[in-house]
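Quick notes on the structure that follows.
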Amino acid sequence: MTTDSIPGASGNRNALLAIAVGGGIAGVLDLTQACILFGRRVPLAIAGGLLGPQAFQGGAGTYVLGVFLHFFIACSAAAVYYGASRKLRFMTEHPLVCGLLFGAAVEEVMNLVVLPLSALQARGPYTLHDLILGLLVHMVVVGLPISYSVRRFSR
């Protein structure tokens with residue numbers, strides 16, 4: 001028995017590909033730009049969201065945890081986009097606009113929900129420059145890879 005003979009198997013495979021590729025590309029691009037802008041200790045800060053400030057004294061295990069959490073969040077965002085695109089077909093028909101808006105939404109959810117609720121309890125005030133930069137970066141490096149991946153693999 002092949003996956004072609006199992007009802008829905010091709011759709012499940014496409015969903016996983018869309019989420020894995022979109023989340024993977026977004027995760028790589030976002031982590032790369034963050035490390036360029038803020039240094040190689042960024043994964044420790046990400047792990048700090050779960051472990052608290054002591055994560056900054058962590059070793060390789062803490063670093064790997066931060067990388068894992070980063071990709072978990074990126075793939076979760078891709079899964080949200082994929083799920084929404086099943087009901088809102090325009091999300092796959094207009095990946096440029098929807099991807100840019102989705103990337104902005106991801107940035108706002110991170111700033112207004114995830115970071116304040118994290119163990120680091122990160123809250124502003126943020127400078128206007130940082131807010132604009134965060135929005136633009138997430139629109140391009142998170143929103144677009146996810147939207148185009150979902151469009152490509154969800155046919």
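Going by the structure tokens order, chains are called A, B, ..., each with residues numbered from 1, while ligands are numbered from 1 in the order shown.
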Can you pull out every residue within 10 Å of Gly83 in chain A, counting only C-alpha atoms, but drop anything in the same chain fewer than 4 positions away, and send it as a list in words?
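Here the qualifying residues turn out to be Ala15, Ile19, Ala77, Ala78, Ala79, Lys87, Leu88 and Val150 of chain A.
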Saved selection, atoms kept: N, CA and C atoms, as a short mmCIF file (atom, residue, chain, number, x, y, z; two decimals), in the first residue's frame:
data_model
loop_
_atom_site.label_atom_id
_atom_site.label_comp_id
_atom_site.auth_asym_id
_atom_site.auth_seq_id
_atom_site.Cartn_x
_atom_site.Cartn_y
_atom_site.Cartn_z
N ALA A 15 0.89 19.38 3.76
CA ALA A 15 0.79 20.26 4.93
C ALA A 15 2.09 20.25 5.71
N ILE A 19 4.63 23.46 6.21
CA ILE A 19 4.97 23.94 7.54
C ILE A 19 6.48 23.80 7.81
N ALA A 77 4.29 29.19 13.80
CA ALA A 77 3.74 30.28 12.99
C ALA A 77 3.35 29.77 11.62
N ALA A 78 4.17 28.91 11.03
CA ALA A 78 3.85 28.35 9.71
C ALA A 78 2.59 27.49 9.80
N ALA A 79 2.43 26.75 10.89
CA ALA A 79 1.24 25.93 11.06
C ALA A 79 -0.01 26.79 11.19
N LYS A 87 -9.06 27.88 5.27
CA LYS A 87 -10.38 28.53 5.29
C LYS A 87 -10.40 29.84 4.50
N LEU A 88 -9.29 30.54 4.52
CA LEU A 88 -9.19 31.84 3.85
C LEU A 88 -8.31 31.68 2.61
N VAL A 150 3.62 27.88 1.92
CA VAL A 150 2.24 27.37 1.99
C VAL A 150 1.62 27.39 0.60
#
Nearest to Ala18 in chain A, chosen from A:Leu51, A:Leu136, A:Cys75, A:Leu31, with only C-alpha atoms counted in the distances:
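Answer, going by the shortest atom-to-atom distance: A:Cys75.
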Find the residues of range 74-127 of chain A that sit at most 10 Å from range 43-46 of chain A; for each, write down the nearest two atoms and how far apart they are in Å, to one decimal. Count only C-alpha atoms. Sort by chain, then by number going up, and give it as CSV.
residue,atom,partner,partner_atom,distance
A:Leu115,CA,A:Ile46,CA,9.7
A:Ser118,CA,A:Ile46,CA,9.5
A:Leu120,CA,A:Ala45,CA,8.6
Please determine, counting only C-alpha atoms, which residue among A:Leu128, A:Val42, A:Met110, A:Val97 has the shortest atom-to-atom distance to Thr62 in chain A.
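Nearest candidate to Thr62 in chain A out of A:Leu128, A:Val42, A:Met110, A:Val97: A:Val42.
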Using only C-alpha atoms, find the one residue out of A:His94, A:Arg155, A:Arg123, A:His70 that sits nearest to Ala26 in chain A.
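Smallest distance to Ala26 in chain A is found for A:His70.
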Quick one: distance from CA of Val106 in chain A to CA of Val141 in chain A in Å, one decimal?
11.1 Å
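Nearest-residue note for Tyr81 in chain A: choosing from A:Leu96, A:Leu29, A:Ile146, A:Leu37, the minimum distance belongs to A:Ile146, counting only C-alpha atoms.
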Pick the closest to Asn12 in chain A from A:Tyr82, A:Val140, A:Asp30, A:Arg89: which is it, counting only C-alpha atoms?
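For Asn12 in chain A, the nearest of the given residues is A:Tyr82.
Of the residues listed (A:Ala119, A:Ser85, A:Ser149, A:Gly143), A:Ala119 shows the shortest atom-to-atom separation from Ala55 in chain A; distances use only C-alpha atoms.
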Backbone DSSP call of alpha helix (DSSP H) for chain A, listed as an NGL selection string
:A and (9-38 or 42-51 or 60-87 or 90-93 or 95-109 or 115-117 or 128-138 or 144-153)
Got a sec: who's within 6 Å of Ala47 in chain A, counting only C-alpha atoms, leaving out chain neighbours fewer than 3 positions off, as a list in words?
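That gives Leu44, Leu50, Leu65 and Gly66 of chain A.
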Only N, CA, C and O atoms, please: the residues just picked out, written as an mmCIF file, in the first residue's frame.
data_model
loop_
_atom_site.group_PDB
_atom_site.id
_atom_site.type_symbol
_atom_site.label_atom_id
_atom_site.label_comp_id
_atom_site.auth_asym_id
_atom_site.auth_seq_id
_atom_site.Cartn_x
_atom_site.Cartn_y
_atom_site.Cartn_z
ATOM 1 N N LEU A 44 20.688 31.872 23.631
ATOM 2 C CA LEU A 44 20.605 31.867 25.096
ATOM 3 C C LEU A 44 19.468 32.763 25.574
ATOM 4 O O LEU A 44 18.772 32.435 26.545
ATOM 5 N N LEU A 50 12.163 30.642 28.523
ATOM 6 C CA LEU A 50 11.644 29.481 29.243
ATOM 7 C C LEU A 50 12.319 29.302 30.604
ATOM 8 O O LEU A 50 11.659 28.994 31.593
ATOM 9 N N LEU A 65 18.798 24.343 23.280
ATOM 10 C CA LEU A 65 17.397 24.557 23.654
ATOM 11 C C LEU A 65 16.866 25.832 23.012
ATOM 12 O O LEU A 65 15.754 25.853 22.482
ATOM 13 N N GLY A 66 17.649 26.896 23.042
ATOM 14 C CA GLY A 66 17.230 28.155 22.431
ATOM 15 C C GLY A 66 17.009 28.016 20.933
ATOM 16 O O GLY A 66 16.028 28.529 20.384
#
Å distance separating CA of Gly103 in chain A from CA of Gly39 in chain A, one decimal place:
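We find that CA of Gly103 in chain A and CA of Gly39 in chain A lie 22.4 Å from each other.
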